[in-house]
$ cat my_file05.cif   # mmCIF, C-alpha atoms
data_coords
loop_
_atom_site.label_atom_id
_atom_site.label_comp_id
_atom_site.auth_asym_id
_atom_site.auth_seq_id
_atom_site.Cartn_x
_atom_site.Cartn_y
_atom_site.Cartn_z
CA MET A 1370 60.45 101.69 85.85
CA SER A 1371 63.94 100.47 85.03
CA ASN A 1372 64.76 97.31 83.14
CA ASN A 1373 67.94 95.25 83.47
CA ASN A 1374 70.46 97.77 82.13
CA THR A 1375 68.65 101.09 81.93
CA PHE A 1376 67.31 103.75 84.25
CA MET A 1377 65.34 106.97 84.00
CA GLY A 1378 67.85 109.82 84.34
CA PHE A 1379 68.15 113.51 83.53
CA ARG A 1380 70.09 114.19 80.32
CA ARG A 1381 72.17 117.36 80.72
CA PRO A 1382 73.13 119.83 77.97
CA ASP A 1383 76.76 118.65 78.27
CA GLY A 1384 75.70 115.06 77.51
CA ARG A 1385 76.13 113.68 81.02
CA VAL A 1386 73.29 112.19 83.04
CA GLY A 1387 72.10 113.23 86.50
CA VAL A 1388 69.93 111.27 88.91
CA ARG A 1389 68.94 114.20 91.15
CA ASN A 1390 68.29 117.93 90.61
CA GLY A 1391 70.09 119.77 93.39
CA ILE A 1392 70.87 123.45 93.89
CA ALA A 1393 74.37 123.51 95.40
CA ILE A 1394 74.86 126.12 98.15
CA ILE A 1395 78.63 126.52 98.43
CA PRO A 1396 80.37 128.60 101.12
CA SER A 1397 83.86 129.62 100.00
CA CYS A 1398 85.12 129.65 103.59
CA GLY A 1399 84.10 128.68 107.11
CA CYS A 1400 83.14 132.28 107.94
CA ALA A 1401 80.47 132.18 105.20
CA ASN A 1402 79.20 128.77 106.25
CA HIS A 1403 76.39 130.02 108.51
CA ALA A 1404 74.91 132.25 105.83
CA ALA A 1405 75.04 129.34 103.38
CA LYS A 1406 73.22 127.12 105.88
CA LEU A 1407 70.48 129.71 106.31
CA ILE A 1408 69.98 129.86 102.54
CA ALA A 1409 69.91 126.09 102.10
CA ALA A 1410 67.35 125.72 104.89
CA GLN A 1411 64.89 128.02 103.09
CA VAL A 1412 65.01 126.61 99.55
CA PRO A 1413 63.46 123.24 98.63
CA GLY A 1414 65.95 121.27 96.57
CA ALA A 1415 68.94 123.14 97.99
CA ALA A 1416 72.00 121.03 98.83
CA LEU A 1417 74.48 122.53 101.28
CA LEU A 1418 78.16 121.74 100.87
CA ASP A 1419 79.24 122.12 104.49
CA TYR A 1420 82.71 123.46 103.70
CA VAL A 1421 84.58 125.12 106.58
CA GLY A 1422 88.06 125.70 105.10
CA GLY A 1423 89.05 128.46 102.71
CA CYS A 1424 91.48 130.38 104.92
CA GLY A 1425 94.61 129.76 106.97
CA GLU A 1426 95.56 126.78 104.80
CA THR A 1427 98.40 125.85 102.50
CA GLU A 1428 98.24 126.78 98.82
CA MET A 1429 97.96 123.06 98.05
CA ASP A 1430 94.80 122.70 100.15
CA ILE A 1431 93.24 125.92 98.85
CA SER A 1432 93.89 124.81 95.27
CA LEU A 1433 92.42 121.37 95.94
CA ALA A 1434 89.31 122.83 97.60
CA THR A 1435 88.75 125.29 94.75
CA ARG A 1436 89.01 122.54 92.16
CA LEU A 1437 86.74 120.12 93.99
CA LEU A 1438 84.10 122.69 94.94
CA ALA A 1439 83.99 123.74 91.28
CA GLN A 1440 83.53 120.10 90.29
CA TYR A 1441 80.58 119.97 92.68
CA GLY A 1442 79.05 122.99 90.95
CA ARG A 1443 79.41 121.15 87.62
CA HIS A 1444 78.23 117.78 89.01
CA PRO A 1445 75.59 116.04 86.86
CA ASN A 1446 73.24 115.97 89.89
CA VAL A 1447 73.46 119.78 90.21
CA VAL A 1448 71.27 122.18 88.19
CA GLY A 1449 72.49 125.45 89.73
CA SER A 1450 74.90 126.83 92.33
CA VAL A 1451 75.01 129.73 94.76
CA VAL A 1452 78.48 130.60 96.09
CA ILE A 1453 78.59 132.53 99.38
CA SER A 1454 81.79 134.41 100.18
CA LEU A 1455 82.90 136.39 103.21
CA GLY A 1456 85.06 138.63 101.04
CA CYS A 1457 88.55 138.43 102.55
CA GLU A 1458 89.25 134.68 102.56
CA THR A 1459 92.24 133.07 100.86
CA LEU A 1460 90.11 130.95 98.55
CA ASN A 1461 89.21 133.13 95.57
CA ALA A 1462 85.41 132.96 95.43
CA GLN A 1463 85.26 134.80 92.10
CA GLU A 1464 87.59 132.24 90.57
CA LEU A 1465 85.50 129.43 92.06
CA ALA A 1466 82.31 130.85 90.57
CA GLU A 1467 83.99 131.28 87.18
CA GLN A 1468 85.15 127.65 87.20
CA ILE A 1469 81.61 126.50 88.00
CA SER A 1470 80.21 128.70 85.24
CA VAL A 1471 82.26 126.84 82.65
CA GLY A 1472 79.57 124.15 82.96
CA TRP A 1473 76.01 124.39 81.68
CA ALA A 1474 74.24 125.15 84.98
CA PRO A 1475 73.85 128.74 86.31
CA CYS A 1476 75.99 130.05 89.18
CA GLU A 1477 75.57 133.16 91.34
CA LEU A 1478 78.11 134.65 93.77
CA PHE A 1479 77.26 136.81 96.81
CA GLY A 1480 79.73 138.35 99.26
CA ILE A 1481 78.82 139.20 102.84
CA GLN A 1482 81.28 142.09 103.16
CA GLN A 1483 80.35 143.48 99.74
CA LEU A 1484 76.60 143.37 100.42
CA GLY A 1485 77.06 144.71 103.95
CA SER A 1486 75.39 142.07 106.12
CA THR A 1487 74.54 138.43 106.64
CA ARG A 1488 70.83 139.28 106.30
CA LEU A 1489 71.18 140.88 102.87
CA THR A 1490 73.41 138.04 101.67
CA VAL A 1491 70.92 135.42 102.80
CA GLU A 1492 68.04 137.28 101.17
CA ARG A 1493 69.90 137.56 97.85
CA GLY A 1494 71.05 133.95 98.07
CA ILE A 1495 67.54 132.67 98.77
CA ALA A 1496 66.15 134.66 95.82
CA ALA A 1497 68.80 133.29 93.44
CA ALA A 1498 68.47 129.68 94.62
CA THR A 1499 64.67 129.88 94.49
CA LYS A 1500 64.81 131.07 90.89
CA MET A 1501 67.04 128.11 90.01
CA ALA A 1502 64.75 125.72 91.88
CA GLU A 1503 61.74 126.94 89.91
CA ARG A 1504 63.28 125.28 86.86
CA ILE A 1505 63.45 121.83 88.50
CA PRO A 1506 59.91 120.71 87.50
CA PHE A 1507 60.79 121.29 83.85
CA TYR A 1508 63.60 118.72 83.85
CA ARG A 1509 62.29 115.42 82.50
CA ARG A 1510 63.70 111.94 82.98
CA GLU A 1511 64.52 109.84 79.95
CA LEU A 1512 65.76 106.30 79.39
CA CYS A 1513 69.52 106.08 79.96
CA ASP A 1514 71.99 103.21 79.81
CA ILE A 1515 73.73 102.07 82.97
CA SER A 1516 77.07 102.74 81.26
CA GLU A 1517 76.40 106.43 81.93
CA LEU A 1518 76.63 105.94 85.69
CA THR A 1519 79.65 106.54 87.90
CA ILE A 1520 79.28 104.69 91.21
CA GLY A 1521 81.45 105.28 94.28
CA LEU A 1522 82.12 102.34 96.60
CA GLU A 1523 82.58 102.96 100.32
CA CYS A 1524 82.52 101.10 103.61
CA GLY A 1525 82.41 102.29 107.21
CA GLY A 1526 81.70 100.95 110.63
CA SER A 1527 82.85 97.56 109.36
CA ASP A 1528 82.72 94.34 111.33
CA ALA A 1529 83.38 90.67 110.61
CA THR A 1530 80.17 90.37 108.56
CA SER A 1531 81.44 93.06 106.17
CA GLY A 1532 84.11 90.72 104.84
CA MET A 1533 81.79 87.72 105.07
CA ALA A 1534 78.72 89.12 103.35
CA ALA A 1535 78.23 92.82 102.50
CA ASN A 1536 81.59 93.48 100.80
CA PRO A 1537 81.52 90.31 98.65
CA ALA A 1538 77.96 91.20 97.61
CA MET A 1539 79.15 94.69 96.69
CA GLY A 1540 81.94 93.06 94.68
CA SER A 1541 79.38 91.02 92.75
CA PHE A 1542 77.43 94.25 92.14
CA SER A 1543 80.62 96.00 91.03
CA ASP A 1544 81.36 93.26 88.51
CA LEU A 1545 77.85 93.58 87.06
CA LEU A 1546 78.43 97.33 86.60
CA ALA A 1547 81.82 96.78 84.97
CA GLU A 1548 80.33 94.27 82.52
CA CYS A 1549 77.85 96.96 81.43
CA GLY A 1550 80.50 99.66 80.90
CA ALA A 1551 79.80 101.77 83.99
CA LYS A 1552 82.55 103.56 85.90
CA ILE A 1553 83.16 102.25 89.44
CA ILE A 1554 85.46 103.88 92.00
CA LEU A 1555 86.95 101.93 94.90
CA ALA A 1556 88.65 104.04 97.58
CA GLU A 1557 90.17 104.26 101.11
CA THR A 1558 93.92 103.84 100.70
CA SER A 1559 94.71 103.36 104.39
CA GLU A 1560 92.27 100.45 104.45
CA MET A 1561 94.11 98.66 101.65
CA LEU A 1562 97.35 98.17 103.60
CA GLY A 1563 98.21 94.50 103.19
CA ALA A 1564 95.91 93.80 100.24
CA GLU A 1565 97.29 96.24 97.67
CA ASP A 1566 99.05 93.42 95.81
CA ILE A 1567 95.66 91.85 95.02
CA LEU A 1568 94.50 94.98 93.20
CA SER A 1569 97.85 95.67 91.55
CA ALA A 1570 97.92 92.12 90.16
CA ARG A 1571 94.60 92.86 88.42
CA ALA A 1572 95.83 96.09 86.82
CA VAL A 1573 95.38 96.43 83.08
CA THR A 1574 98.96 97.68 82.64
CA PRO A 1575 102.16 97.46 84.71
CA GLU A 1576 102.02 101.25 85.11
CA VAL A 1577 98.58 101.13 86.75
CA GLY A 1578 99.75 98.30 89.02
CA SER A 1579 102.81 100.32 90.04
CA GLN A 1580 100.63 103.36 90.79
CA MET A 1581 98.47 101.25 93.09
CA LEU A 1582 101.48 99.98 95.02
CA ARG A 1583 102.99 103.48 95.17
CA ILE A 1584 100.01 105.24 96.73
CA VAL A 1585 99.70 102.56 99.41
CA ARG A 1586 103.42 102.80 100.22
CA GLU A 1587 103.15 106.58 100.44
CA CYS A 1588 100.10 106.31 102.70
CA GLU A 1589 101.86 103.89 105.05
CA ALA A 1590 104.96 106.11 105.18
CA ALA A 1591 102.83 109.19 105.96
CA LEU A 1592 101.03 107.36 108.76
CA LYS A 1593 104.29 106.16 110.29
CA ALA A 1594 105.83 109.64 109.98
CA THR A 1595 103.32 110.97 112.53
CA GLY A 1596 105.08 108.94 115.21
CA GLU A 1597 101.74 107.48 116.25
CA ASP A 1598 100.79 103.83 116.13
CA PHE A 1599 98.04 103.81 113.52
CA MET A 1600 96.86 100.45 114.80
CA GLY A 1601 93.79 101.47 116.76
CA LYS A 1602 92.92 103.85 113.96
CA GLN A 1603 93.09 101.15 111.29
CA PRO A 1604 91.26 99.04 112.26
CA SER A 1605 89.20 101.43 114.36
CA PRO A 1606 88.06 100.56 117.90
CA GLY A 1607 84.61 99.78 116.52
CA ASN A 1608 86.11 97.49 113.88
CA VAL A 1609 87.96 95.60 116.60
CA ARG A 1610 84.82 95.23 118.70
CA GLY A 1611 83.15 93.90 115.58
CA GLY A 1612 85.72 91.14 115.16
CA ILE A 1613 88.39 92.65 112.88
CA THR A 1614 91.79 92.24 114.49
CA THR A 1615 94.40 93.67 112.06
CA VAL A 1616 94.60 96.23 109.26
CA GLU A 1617 95.54 93.38 106.88
CA GLU A 1618 92.38 91.52 107.85
CA LYS A 1619 90.35 94.66 107.25
CA ALA A 1620 92.07 95.21 103.90
CA LEU A 1621 91.31 91.68 102.74
CA GLY A 1622 87.64 92.37 103.44
CA ASP A 1623 87.72 95.82 101.86
CA VAL A 1624 89.30 94.71 98.59
CA LEU A 1625 86.31 92.41 98.05
CA LYS A 1626 84.17 95.52 97.32
CA GLY A 1627 85.91 95.80 93.96
CA GLY A 1628 84.87 92.32 92.85
CA THR A 1629 87.10 90.55 90.32
CA SER A 1630 87.19 93.12 87.51
CA PRO A 1631 90.49 94.49 86.15
CA LEU A 1632 91.84 97.66 87.75
CA VAL A 1633 91.80 100.19 84.91
CA ASP A 1634 93.16 103.32 86.62
CA VAL A 1635 94.40 104.95 89.83
CA LEU A 1636 92.97 108.39 90.63
CA ALA A 1637 93.99 111.28 92.85
CA TYR A 1638 91.52 112.50 95.47
CA GLY A 1639 88.41 113.85 93.71
CA GLU A 1640 89.76 113.10 90.24
CA PRO A 1641 87.04 112.04 87.76
CA PRO A 1642 87.47 108.55 86.29
CA ARG A 1643 88.68 108.46 82.72
CA ARG A 1644 87.81 104.89 81.73
CA PRO A 1645 84.88 102.51 82.13
CA GLY A 1646 85.44 99.77 84.69
CA LEU A 1647 87.03 99.72 88.14
CA SER A 1648 89.30 102.58 89.24
CA PHE A 1649 90.89 103.17 92.63
CA MET A 1650 90.86 106.63 94.23
CA ASP A 1651 93.50 107.70 96.75
CA THR A 1652 91.33 108.77 99.69
CA PRO A 1653 91.57 108.53 103.48
CA GLY A 1654 89.66 105.80 105.26
CA ASN A 1655 87.58 108.47 107.01
CA ASP A 1656 84.07 107.94 105.64
CA PRO A 1657 82.81 111.54 105.11
CA CYS A 1658 86.17 112.60 103.66
CA SER A 1659 86.29 109.65 101.29
CA VAL A 1660 82.69 110.06 100.11
CA THR A 1661 83.29 113.78 99.56
CA GLY A 1662 86.07 112.85 97.13
CA LEU A 1663 84.00 110.17 95.40
CA VAL A 1664 81.09 112.55 94.76
CA ALA A 1665 83.40 115.38 93.67
CA ALA A 1666 84.70 112.99 91.01
CA GLY A 1667 81.21 112.75 89.53
CA SER A 1668 79.71 109.74 91.27
CA GLN A 1669 75.95 110.11 90.86
CA ILE A 1670 75.40 107.43 93.52
CA VAL A 1671 77.53 106.01 96.36
CA VAL A 1672 77.05 102.45 97.61
CA PHE A 1673 78.17 102.00 101.20
CA THR A 1674 78.55 98.83 103.27
CA THR A 1675 78.48 98.99 107.07
CA GLY A 1676 78.59 96.17 109.57
CA ARG A 1677 78.04 98.07 112.80
CA GLY A 1678 75.79 100.70 111.20
CA ASN A 1679 76.84 104.07 109.76
CA PRO A 1680 73.85 106.25 108.75
CA MET A 1681 75.74 108.99 106.85
CA GLY A 1682 74.70 110.33 103.47
CA HIS A 1683 75.52 113.21 101.13
CA SER A 1684 73.62 116.27 99.95
CA ILE A 1685 74.45 115.85 96.25
CA ALA A 1686 74.44 112.07 95.71
CA PRO A 1687 72.20 109.39 97.25
CA VAL A 1688 74.12 106.93 99.44
CA ILE A 1689 72.79 103.36 99.43
CA LYS A 1690 73.40 101.59 102.75
CA ILE A 1691 74.05 97.84 102.98
CA THR A 1692 74.76 95.79 106.08
CA GLY A 1693 75.83 92.17 106.29
CA ASN A 1694 74.99 92.00 109.98
CA PRO A 1695 71.44 90.72 110.62
CA GLU A 1696 71.46 92.24 114.12
CA THR A 1697 72.45 95.66 112.77
CA TYR A 1698 69.68 95.50 110.20
CA ALA A 1699 67.13 94.59 112.88
CA ARG A 1700 68.34 97.43 115.12
CA MET A 1701 68.92 100.11 112.45
CA ALA A 1702 66.48 99.19 109.69
CA GLU A 1703 65.44 102.85 109.26
CA ASP A 1704 69.02 103.73 108.29
CA MET A 1705 69.66 100.75 106.00
CA ASP A 1706 68.54 100.03 102.44
CA ILE A 1707 69.63 96.41 101.96
CA ASN A 1708 70.01 93.51 104.39
CA ALA A 1709 72.93 91.39 103.18
CA GLY A 1710 72.75 89.45 106.45
CA THR A 1711 70.70 86.93 104.46
CA ILE A 1712 74.07 85.63 103.23
CA VAL A 1713 75.22 84.99 106.80
CA ARG A 1714 71.94 83.20 107.55
CA GLY A 1715 72.26 81.03 104.44
CA GLU A 1716 69.09 82.46 102.89
CA GLU A 1717 70.73 84.05 99.82
CA THR A 1718 73.96 83.74 97.88
CA VAL A 1719 76.48 86.53 97.39
CA ALA A 1720 75.44 86.76 93.73
CA GLN A 1721 71.76 87.07 94.64
CA VAL A 1722 72.40 89.98 97.01
CA GLY A 1723 74.74 91.56 94.44
CA ARG A 1724 71.89 91.45 91.95
CA ARG A 1725 69.55 93.05 94.52
CA ILE A 1726 72.03 95.90 95.00
CA TYR A 1727 72.23 96.31 91.23
CA GLU A 1728 68.45 96.51 90.84
CA LEU A 1729 68.13 98.95 93.74
CA CYS A 1730 70.88 101.13 92.26
CA LEU A 1731 68.88 101.44 89.02
CA GLN A 1732 65.75 102.31 90.99
CA VAL A 1733 67.64 104.95 92.98
CA ALA A 1734 69.08 106.35 89.74
CA GLY A 1735 65.48 106.63 88.57
CA GLY A 1736 64.38 108.64 91.61
CA LYS A 1737 63.74 106.19 94.47
CA GLN A 1738 64.92 107.78 97.72
CA VAL A 1739 67.34 106.00 100.01
CA ALA A 1740 67.22 106.01 103.80
CA ALA A 1741 69.95 108.65 104.16
CA GLU A 1742 67.98 111.03 101.90
CA VAL A 1743 64.75 110.49 103.81
CA LEU A 1744 66.58 111.25 107.06
CA GLY A 1745 68.32 114.34 105.64
CA HIS A 1746 71.91 113.13 106.03
CA ALA A 1747 74.34 115.45 104.23
CA GLU A 1748 77.82 114.78 105.66
CA PHE A 1749 80.69 116.65 103.98
CA MET A 1750 84.41 116.75 104.78
CA MET A 1751 87.10 118.05 102.45
CA LEU A 1752 90.53 116.41 102.51
CA ARG A 1753 93.21 118.65 104.04
CA ARG A 1754 96.86 117.64 103.62
CA GLY A 1755 98.67 120.59 105.18
CA PRO A 1756 98.47 122.43 108.51
CA THR A 1757 95.97 125.13 109.42
CA TYR A 1758 97.68 128.38 110.42
#

$ encode --input "my_file05.cif" --output "structure tokens"
Amino acid sequence: MSNNNTFMGFRRPDGRVGVRNGIAIIPSCGCANHAAKLIAAQVPGAALLDYVGGCGETEMDISLATRLLAQYGRHPNVVGSVVISLGCETLNAQELAEQISVGWAPCELFGIQQLGSTRLTVERGIAAATKMAERIPFYRRELCDISELTIGLECGGSDATSGMAANPAMGSFSDLLAECGAKIILAETSEMLGAEDILSARAVTPEVGSQMLRIVRECEAALKATGEDFMGKQPSPGNVRGGITTVEEKALGDVLKGGTSPLVDVLAYGEPPRRPGLSFMDTPGNDPCSVTGLVAAGSQIVVFTTGRGNPMGHSIAPVIKITGNPETYARMAEDMDINAGTIVRGEETVAQVGRRIYELCLQVAGGKQVAAEVLGHAEFMMLRRGPTY
């Protein structure tokens, strides 16, 4: 059981704290993805990273993928990794495995071409992952302070109730975390267009405020450079059907997720937070891609608001689902963890729901499963900035 500011977590040899014990199965390219899936399906506790890049990409994207996949192998929720390589991909699987091995958890690398077949690779991968999984029962939870958590904040499938209820409640939750010294990461740059000045005004230094404004300007310029009208993408067609009419309106709702705490830092995609408090990560608005970056940065848990109902999860970190729409909760209760529609109905205050999210987060950190885990959701999408050739 958790009390107000503590939870039962797994203390790692490097001093960090995990909330799950996963064995990461990591394909180093799309051509090794099937073999990795076969391994993950046969090992209890295995967590597939459904990566399909690794070849035919720019050096920038290969470098980013290598760095982030290595961070996944060293994630505090991961107790071992198995890297599966084809053998001729651009991404250097040996280098990836070496970067993972810098951490405390074991890592094994198997190559399909080197071993001679998919079957042999899968057999070797299953044996290695099973050996790692046999250690899981020996990991014991201990009392940990909430300041040792990193929490990613996300929203998707938003509607008018997101800005009215779920996002303000998340903001109240975020402020509670910040008061206790936890690290919180707000994200989705394209969904901040029109509200970036609110965050920049709360920056702890002029430099952090300038960084916030810069990444939003760069995002807007990149969207316009495509020659496409990004209205219709932000807000999405579903957002519009849910009552959000402009990207500025969406941004004003989204910025509420960060509460009222000072903005302490601005992070690149997948970059681990350096300071306690609220940071902003430069991610796309695309939900799986954004969550992939948040978890790569070390988020042990992601908290996700959704008005219309998005059931996605992640294989490494539990994703807590909150909806502010009472109708969505009634229709999709199996996919949701918290009904913030009580705010809309006048049954609870924003602060009361924020406290409920906080208490659930501690319970999840202590082992309580969320809906996305029960349903086996494990969405994964790596950011790609350059072309595929």

$ closest_residue --input "my_file05.cif" --among "A:Leu1512, A:Val1452, A:Val1660, A:Leu1636" --to "A:Gly1387" --atoms "only C-alpha atoms"
A:Leu1512

$ resolve_selection --input "my_file05.cif" --expression "the PyMOL selection byres ((chain A and resi 1481) around 9)" --output "PyMOL selection string"
chain A and resi 1401+1404+1453-1456+1479-1480+1482-1491

$ write_last_selection --input "my_file05.cif" --atoms "C-alpha atoms" --output "PDB file, in the coordinates of the input"
ATOM      1  CA  ALA A1401      80.470 132.180 105.200  1.00  0.00           C
ATOM      2  CA  ALA A1404      74.910 132.250 105.830  1.00  0.00           C
ATOM      3  CA  ILE A1453      78.590 132.530  99.380  1.00  0.00           C
ATOM      4  CA  SER A1454      81.790 134.410 100.180  1.00  0.00           C
ATOM      5  CA  LEU A1455      82.900 136.390 103.210  1.00  0.00           C
ATOM      6  CA  GLY A1456      85.060 138.630 101.040  1.00  0.00           C
ATOM      7  CA  PHE A1479      77.260 136.810  96.810  1.00  0.00           C
ATOM      8  CA  GLY A1480      79.730 138.350  99.260  1.00  0.00           C
ATOM      9  CA  GLN A1482      81.280 142.090 103.160  1.00  0.00           C
ATOM     10  CA  GLN A1483      80.350 143.480  99.740  1.00  0.00           C
ATOM     11  CA  LEU A1484      76.600 143.370 100.420  1.00  0.00           C
ATOM     12  CA  GLY A1485      77.060 144.710 103.950  1.00  0.00           C
ATOM     13  CA  SER A1486      75.390 142.070 106.120  1.00  0.00           C
ATOM     14  CA  THR A1487      74.540 138.430 106.640  1.00  0.00           C
ATOM     15  CA  ARG A1488      70.830 139.280 106.300  1.00  0.00           C
ATOM     16  CA  LEU A1489      71.180 140.880 102.870  1.00  0.00           C
ATOM     17  CA  THR A1490      73.410 138.040 101.670  1.00  0.00           C
ATOM     18  CA  VAL A1491      70.920 135.420 102.800  1.00  0.00           C
TER      19      VAL A1491
END

$ residues_around --input "my_file05.cif" --residues "A:Gly1662" --least-positions-apart "3" --cutoff "8 Å" --atoms "all atoms listed in the file" --output "ChimeraX atom specification"
/A:1437,1638-1640,1652,1658-1659,1665-1666,1751-1752

$ closest_residue --input "my_file05.cif" --among "A:Cys1398, A:Leu1407, A:Leu1663, A:Ala1594" --to "A:Tyr1420" --atoms "only C-alpha atoms"
A:Cys1398

$ residues_around --input "my_file05.cif" --residues "stretch 1457-1465 of chain A" --least-positions-apart "2" --cutoff "6 Å" --atoms "all atoms listed in the file" --output "tab-separated table (two decimals) with C-alpha atoms, keeping the file's coordinate frame"
chain	number	residue	atom	x	y	z
A	1397	SER	CA	83.86	129.62	100.00
A	1423	GLY	CA	89.05	128.46	102.71
A	1424	CYS	CA	91.48	130.38	104.92
A	1431	ILE	CA	93.24	125.92	98.85
A	1435	THR	CA	88.75	125.29	94.75
A	1439	ALA	CA	83.99	123.74	91.28
A	1467	GLU	CA	83.99	131.28	87.18
A	1468	GLN	CA	85.15	127.65	87.20

$ residues_around --input "my_file05.cif" --residues "A:Ile1408" --least-positions-apart "4" --cutoff "12 Å" --atoms "only C-alpha atoms" --output "PyMOL selection string"
chain A and resi 1392-1396+1401-1404+1412-1418+1450-1453+1479+1487-1499

$ decode --input "my_file05.cif" --residues "stretch 1660-1671 of chain A" --atoms "N, CA and C atoms" --output "compact mmCIF listing (two decimals), in the first residue's frame"
# COMPACT_ATOMS: atom_id res chain seq x y z
N VAL A 1660 4.47 9.38 -27.12
CA VAL A 1660 4.65 8.51 -25.96
C VAL A 1660 5.95 7.73 -26.06
N THR A 1661 6.33 7.31 -27.27
CA THR A 1661 7.61 6.62 -27.46
C THR A 1661 8.76 7.50 -26.98
N GLY A 1662 8.72 8.79 -27.27
CA GLY A 1662 9.75 9.71 -26.81
C GLY A 1662 9.72 9.92 -25.31
N LEU A 1663 8.51 10.01 -24.74
CA LEU A 1663 8.38 10.22 -23.30
C LEU A 1663 8.94 9.04 -22.52
N VAL A 1664 8.66 7.83 -22.97
CA VAL A 1664 9.15 6.64 -22.26
C VAL A 1664 10.65 6.47 -22.48
N ALA A 1665 11.14 6.76 -23.68
CA ALA A 1665 12.58 6.69 -23.93
C ALA A 1665 13.34 7.60 -22.97
N ALA A 1666 12.72 8.71 -22.59
CA ALA A 1666 13.36 9.66 -21.69
C ALA A 1666 13.39 9.20 -20.24
N GLY A 1667 12.77 8.04 -19.96
CA GLY A 1667 12.81 7.49 -18.62
C GLY A 1667 11.52 7.58 -17.84
N SER A 1668 10.44 8.01 -18.49
CA SER A 1668 9.15 8.05 -17.79
C SER A 1668 8.77 6.63 -17.37
N GLN A 1669 8.60 6.42 -16.08
CA GLN A 1669 8.16 5.10 -15.61
C GLN A 1669 6.67 4.90 -15.85
N ILE A 1670 5.92 6.01 -15.91
CA ILE A 1670 4.48 5.98 -16.11
C ILE A 1670 4.11 7.13 -17.04
N VAL A 1671 3.11 6.91 -17.89
CA VAL A 1671 2.55 7.98 -18.72
C VAL A 1671 1.09 8.17 -18.31
